Amino acid sequence: MRSLYPSLVLALWAGLAQAAGPVDLLQLYEQTLATNPVLKGKEYTIDQAHAQRDQALSKLLPQVMAVGNYSWNEFRQDRGSRFPGYTVDGYAGMRGVIQARQALFDLPSYLGYQSAGASIQQTEQELEAVRMATTADLIDRYFMVLEAVDEMSYVEGEKALTTSEMQRIRRMYERQMAMVTDLYEVEAYYQTLLTREIEVGNAKAVALEKLRETTGMPVPDLAPLARDRLPEVPGQVDEWVREANTNHPALKALQYALDAAETAIGSARAQHLPQLSLQLSEIYSDNQGYDNRPIGRYNSASVGVQLNVPIYSGGEIEAAAKEAVARYQTTQEKRVERQREIDKEVRTAYLNARTGRAKVDSTAKEIEFREKARVAQEKSYELGVATIVALLESKKNLLKARFEYAGARYDYIRSLVALRLWSGSLSLRDIEDINGWLAGAKPKR
């Protein structure tokens, strides 16, 4: 059933891709959850962990084995000195054995079963960490496309204005009202815009390919960002760090790994302890005596208790315990390393978000002033008190400010997502919130 679900999603997505209208972030998120190979592979590791726990449990459950044997035998026996020769008998032999064993006291196997249970919880938290990382990557790639789309619209708008300006200066030059250098400068600026258009078009195509990699399907038009005023950075940095230390699935996974490793130490050391088991068996035999000698048919049943007392195994148990201790200490250091990394990433994301929020406001103000500066330069050029170079420079600065404003908005959203990611709280609700900022997006469920 699990393998059928992605196929159904792919079929539905193929129809969606052919339908009119842009696709929003929530739709891409659902598609990614259904088909992303990294997520699907991690889900199978959970199945693997469950199977390993079942294997550990099997050592504590009854063990039943049946063995059957059929043979054709030829028995030759010396008849003695008085009667030289041999007595030869041919006969069939059959033997059947049914054995049952139930562990009564097997501490190593019991601790191994507990360790396997902790490993399941570890893989579940690892899946959650991968899901959040994949979600953050999806959002990043989604806004990479939108950023390229915005830049393309700015370039196309500037191209349209420059085309009109170039035609006007060309007519003025033909009437000897403008210098040829002015015409050359405008034509060069127009060519710069064409070059920028090529670069932005390639950036958009690359971003769409990255989005295809994440979702597994070609992506049609995307719903654009429609919200003008983005939210402020919530909370304080120390609050985010505490939340990360408590909730981040990577840290939870390593804690479960520590629990599994600690239990494995106990399991290894428990190999020194006696093991007690209940033994039951029944034997059916017909002409299967010692050395397969003919013997009358018989049945034998037995019930007993078996006690195994390890005495010396060449140092194997001590070595296994040392290995388990080293694995535990290694996992413990990995958890400390991971916690420090998460603390650093949370604080970095928070600082980037605060800076990004201020940059959004600053670049918005810069656009206002750059637009005024361009209008002033246009009037000055028309009056002959400014050169075409100064006018084009103001146009370049305005276009650059627009690029920076678009980039600042998307970078700020990425910083908010990174803050959620590293704090371990990135969820479907965050996807729905961000999706609500898009034009024509689906409402929350």
# chains A, B, ... in the order shown; residues from 1 in each chain; ligands from 1
>>> select_by_dssp(residues="region 35-282 of chain A", states="strand (DSSP E or B)", output="compact mmCIF listing (two decimals) with N, CA and C atoms, in the first residue's frame")
# COMPACT_ATOMS: atom_id res chain seq x y z
N GLN A 63 10.73 -21.43 21.09
CA GLN A 63 11.43 -21.88 19.90
C GLN A 63 11.05 -23.35 19.67
N VAL A 64 10.47 -23.67 18.55
CA VAL A 64 10.02 -25.03 18.25
C VAL A 64 10.72 -25.48 16.97
N MET A 65 11.25 -26.70 17.03
CA MET A 65 11.98 -27.22 15.86
C MET A 65 11.61 -28.69 15.68
N ALA A 66 11.41 -29.08 14.45
CA ALA A 66 11.12 -30.47 14.12
C ALA A 66 12.16 -30.96 13.12
N VAL A 67 12.69 -32.16 13.39
CA VAL A 67 13.69 -32.76 12.50
C VAL A 67 13.23 -34.16 12.15
N GLY A 68 13.21 -34.45 10.89
CA GLY A 68 12.83 -35.79 10.43
C GLY A 68 13.95 -36.43 9.64
N ASN A 69 14.06 -37.76 9.76
CA ASN A 69 15.14 -38.46 9.06
C ASN A 69 14.60 -39.80 8.57
N TYR A 70 14.87 -40.11 7.33
CA TYR A 70 14.54 -41.40 6.74
C TYR A 70 15.79 -41.94 6.06
N SER A 71 16.07 -43.21 6.28
CA SER A 71 17.28 -43.80 5.70
C SER A 71 17.04 -45.27 5.33
N TRP A 72 17.80 -45.71 4.38
CA TRP A 72 17.83 -47.15 4.05
C TRP A 72 19.17 -47.68 4.55
N ASN A 73 19.12 -48.73 5.34
CA ASN A 73 20.30 -49.24 6.03
C ASN A 73 20.56 -50.69 5.62
N GLU A 74 21.83 -50.98 5.57
CA GLU A 74 22.26 -52.38 5.37
C GLU A 74 23.14 -52.76 6.55
N PHE A 75 22.69 -53.79 7.29
CA PHE A 75 23.40 -54.21 8.51
C PHE A 75 24.08 -55.55 8.25
N ARG A 76 25.40 -55.59 8.35
CA ARG A 76 26.19 -56.80 8.14
C ARG A 76 26.84 -57.17 9.48
N GLN A 77 26.63 -58.41 9.92
CA GLN A 77 27.16 -58.85 11.21
C GLN A 77 27.85 -60.22 11.05
N ASP A 78 29.07 -60.26 11.60
CA ASP A 78 29.84 -61.51 11.55
C ASP A 78 29.15 -62.59 12.41
N TYR A 86 28.64 -63.66 7.01
CA TYR A 86 27.96 -62.51 7.59
C TYR A 86 26.44 -62.65 7.45
N THR A 87 25.80 -62.09 8.42
CA THR A 87 24.35 -61.94 8.33
C THR A 87 24.06 -60.54 7.80
N VAL A 88 23.32 -60.49 6.73
CA VAL A 88 23.03 -59.21 6.09
C VAL A 88 21.54 -58.94 6.18
N ASP A 89 21.23 -57.77 6.73
CA ASP A 89 19.83 -57.33 6.81
C ASP A 89 19.70 -55.96 6.14
N GLY A 90 18.68 -55.76 5.40
CA GLY A 90 18.36 -54.45 4.85
C GLY A 90 17.04 -53.94 5.42
N TYR A 91 17.01 -52.73 5.83
CA TYR A 91 15.81 -52.23 6.49
C TYR A 91 15.77 -50.71 6.39
N ALA A 92 14.58 -50.18 6.48
CA ALA A 92 14.38 -48.73 6.48
C ALA A 92 14.39 -48.22 7.91
N GLY A 93 14.93 -47.04 8.07
CA GLY A 93 14.97 -46.41 9.38
C GLY A 93 14.31 -45.05 9.35
N MET A 94 13.57 -44.76 10.38
CA MET A 94 12.91 -43.46 10.47
C MET A 94 13.12 -42.89 11.87
N ARG A 95 13.26 -41.57 11.90
CA ARG A 95 13.44 -40.90 13.18
C ARG A 95 12.84 -39.50 13.09
N GLY A 96 12.07 -39.12 14.05
CA GLY A 96 11.50 -37.78 14.11
C GLY A 96 11.67 -37.19 15.49
N VAL A 97 12.06 -35.92 15.52
CA VAL A 97 12.31 -35.24 16.79
C VAL A 97 11.59 -33.89 16.77
N ILE A 98 10.83 -33.63 17.81
CA ILE A 98 10.22 -32.31 18.00
C ILE A 98 10.77 -31.75 19.31
N GLN A 99 11.36 -30.57 19.19
CA GLN A 99 11.95 -29.92 20.36
C GLN A 99 11.33 -28.54 20.54
N ALA A 100 11.10 -28.18 21.78
CA ALA A 100 10.59 -26.85 22.12
C ALA A 100 11.43 -26.28 23.24
N ARG A 101 11.67 -24.97 23.13
CA ARG A 101 12.49 -24.31 24.15
C ARG A 101 11.85 -22.97 24.49
N GLN A 102 11.78 -22.67 25.76
CA GLN A 102 11.26 -21.39 26.23
C GLN A 102 12.24 -20.81 27.23
N ALA A 103 12.72 -19.60 26.89
CA ALA A 103 13.65 -18.93 27.81
C ALA A 103 12.92 -18.53 29.08
N LEU A 104 13.52 -18.88 30.21
CA LEU A 104 12.97 -18.48 31.51
C LEU A 104 13.73 -17.31 32.10
N PHE A 105 15.02 -17.31 31.91
CA PHE A 105 15.86 -16.19 32.37
C PHE A 105 16.96 -15.99 31.33
N LEU A 222 4.28 29.35 -10.19
CA LEU A 222 4.14 29.37 -8.75
C LEU A 222 3.34 30.58 -8.31
N LEU A 225 4.49 35.90 -4.00
CA LEU A 225 4.36 36.48 -2.67
C LEU A 225 3.51 37.74 -2.77
N GLN A 275 21.93 -18.55 32.13
CA GLN A 275 20.70 -18.49 31.34
C GLN A 275 19.91 -19.76 31.59
N LEU A 276 18.65 -19.62 31.88
CA LEU A 276 17.79 -20.73 32.24
C LEU A 276 16.68 -20.86 31.20
N SER A 277 16.43 -22.08 30.77
CA SER A 277 15.39 -22.30 29.77
C SER A 277 14.67 -23.62 30.03
N LEU A 278 13.43 -23.67 29.62
CA LEU A 278 12.62 -24.88 29.71
C LEU A 278 12.75 -25.65 28.41
N GLN A 279 13.03 -26.96 28.49
CA GLN A 279 13.25 -27.78 27.31
C GLN A 279 12.18 -28.88 27.27
N LEU A 280 11.55 -29.05 26.12
CA LEU A 280 10.59 -30.12 25.88
C LEU A 280 10.96 -30.81 24.59
N SER A 281 10.85 -32.13 24.57
CA SER A 281 11.17 -32.86 23.34
C SER A 281 10.40 -34.16 23.28
N GLU A 282 10.16 -34.62 22.10
CA GLU A 282 9.57 -35.94 21.86
C GLU A 282 10.25 -36.56 20.66
>>> residues_around(residues="Glu371 (chain A)", least_positions_apart="2", cutoff="12 Å", atoms="only C-alpha atoms", output="list in words")
Ala364, Lys365, Glu366, Ile367, Glu368, Phe369, Ala373, Arg374, Val375, Ala376, Gln377, Glu378, Leu391, Ser394, Lys395, Lys396, Asn397, Leu398, Leu399, Lys400, Ala401 and Arg402 of chain A
>>> closest_atom_pairs(of="region 146-171 of chain A", to="region 179-196 of chain A", cutoff="9 Å", atoms="only C-alpha atoms", output="CSV")
residue,atom,partner,partner_atom,distance
A:Met152,CA,A:Arg196,CA,8.7
A:Val155,CA,A:Leu193,CA,6.5
A:Glu156,CA,A:Leu193,CA,8.3
A:Glu158,CA,A:Leu193,CA,7.8
A:Lys159,CA,A:Leu193,CA,6.6
A:Thr162,CA,A:Tyr190,CA,6.4
A:Thr163,CA,A:Tyr190,CA,7.4
A:Glu165,CA,A:Val186,CA,7.8
A:Met166,CA,A:Val186,CA,6.0
A:Ile169,CA,A:Leu183,CA,6.2
A:Arg170,CA,A:Leu183,CA,6.3
>>> closest_residue(among="A:Ala326, A:Leu258, A:Ala116, A:Val360", to="Asp228 (chain A)", atoms="only C-alpha atoms")
A:Val360
>>> closest_residue(among="A:Thr123, A:Gln52, A:Asn36, A:Thr135", to="Leu428 (chain A)", atoms="only C-alpha atoms")
A:Thr135
>>> residues_around(residues="His248 (chain A)", least_positions_apart="2", cutoff="6 Å", atoms="only C-alpha atoms", output="ChimeraX atom specification")
/A:244,250-251,423-424
>>> atom_distance(atom1="CA of Phe143 (chain A)", atom2="CA of Glu404 (chain A)")
14.3 Å
>>> select_by_dssp(residues="region 223-394 of chain A", states="alpha helix (DSSP H)", output="VMD selection string")
chain A and resid 237 to 247 249 to 269 316 to 383 388 to 394
>>> closest_residue(among="A:Gly289, A:Arg53, A:Thr263, A:Glu128", to="Leu107 (chain A)", atoms="only C-alpha atoms")
A:Thr263
>>> closest_residue(among="A:Ile431, A:His272, A:Gln255, A:Thr363", to="Glu30 (chain A)", atoms="only C-alpha atoms")
A:Ile431
>>> residues_around(residues="Asn352 (chain A)", least_positions_apart="4", cutoff="8 Å", atoms="only C-alpha atoms", output="compact mmCIF listing (two decimals) with C-alpha atoms, in the first residue's frame")
# COMPACT_ATOMS: atom_id res chain seq x y z
CA THR A 348 22.77 32.70 13.86
CA GLY A 356 16.97 40.75 7.60
CA TYR A 412 14.10 37.28 5.70
CA SER A 415 15.77 33.24 8.14
>>> atom_distance(atom1="CA of Arg212 (chain A)", atom2="CA of Leu28 (chain A)")
9.9 Å
>>> decode(residues="region 155-173 of chain A", atoms="N, CA and C atoms", output="short mmCIF file (atom, residue, chain, number, x, y, z; two decimals), in the first residue's frame")
data_model
loop_
_atom_site.label_atom_id
_atom_site.label_comp_id
_atom_site.auth_asym_id
_atom_site.auth_seq_id
_atom_site.Cartn_x
_atom_site.Cartn_y
_atom_site.Cartn_z
N VAL A 155 13.64 43.71 -14.63
CA VAL A 155 14.46 43.91 -15.83
C VAL A 155 13.57 44.21 -17.03
N GLU A 156 12.47 43.47 -17.16
CA GLU A 156 11.59 43.70 -18.31
C GLU A 156 10.96 45.09 -18.24
N GLY A 157 10.59 45.54 -17.05
CA GLY A 157 10.05 46.90 -16.93
C GLY A 157 11.09 47.95 -17.27
N GLU A 158 12.32 47.74 -16.81
CA GLU A 158 13.39 48.69 -17.13
C GLU A 158 13.72 48.66 -18.62
N LYS A 159 13.64 47.48 -19.22
CA LYS A 159 13.87 47.38 -20.67
C LYS A 159 12.84 48.20 -21.44
N ALA A 160 11.59 48.10 -21.02
CA ALA A 160 10.54 48.85 -21.72
C ALA A 160 10.78 50.36 -21.62
N LEU A 161 11.14 50.83 -20.42
CA LEU A 161 11.44 52.25 -20.25
C LEU A 161 12.66 52.66 -21.05
N THR A 162 13.69 51.84 -21.03
CA THR A 162 14.93 52.17 -21.75
C THR A 162 14.72 52.16 -23.26
N THR A 163 13.84 51.25 -23.73
CA THR A 163 13.55 51.23 -25.17
C THR A 163 12.92 52.55 -25.62
N SER A 164 11.97 53.03 -24.83
CA SER A 164 11.34 54.32 -25.16
C SER A 164 12.37 55.44 -25.09
N GLU A 165 13.23 55.39 -24.06
CA GLU A 165 14.26 56.42 -23.91
C GLU A 165 15.24 56.38 -25.07
N MET A 166 15.59 55.19 -25.48
CA MET A 166 16.55 55.04 -26.58
C MET A 166 15.95 55.56 -27.89
N GLN A 167 14.70 55.26 -28.14
CA GLN A 167 14.06 55.75 -29.35
C GLN A 167 13.96 57.28 -29.35
N ARG A 168 13.65 57.84 -28.17
CA ARG A 168 13.55 59.30 -28.07
C ARG A 168 14.89 59.96 -28.32
N ILE A 169 15.97 59.42 -27.76
CA ILE A 169 17.30 60.02 -27.96
C ILE A 169 17.76 59.81 -29.39
N ARG A 170 17.37 58.70 -30.01
CA ARG A 170 17.76 58.48 -31.40
C ARG A 170 17.09 59.53 -32.30
N ARG A 171 15.81 59.83 -32.03
CA ARG A 171 15.15 60.87 -32.82
C ARG A 171 15.80 62.23 -32.56
N MET A 172 16.16 62.50 -31.33
CA MET A 172 16.82 63.76 -31.00
C MET A 172 18.18 63.84 -31.70
N TYR A 173 18.88 62.72 -31.74
CA TYR A 173 20.19 62.71 -32.41
C TYR A 173 20.02 62.97 -33.90
#
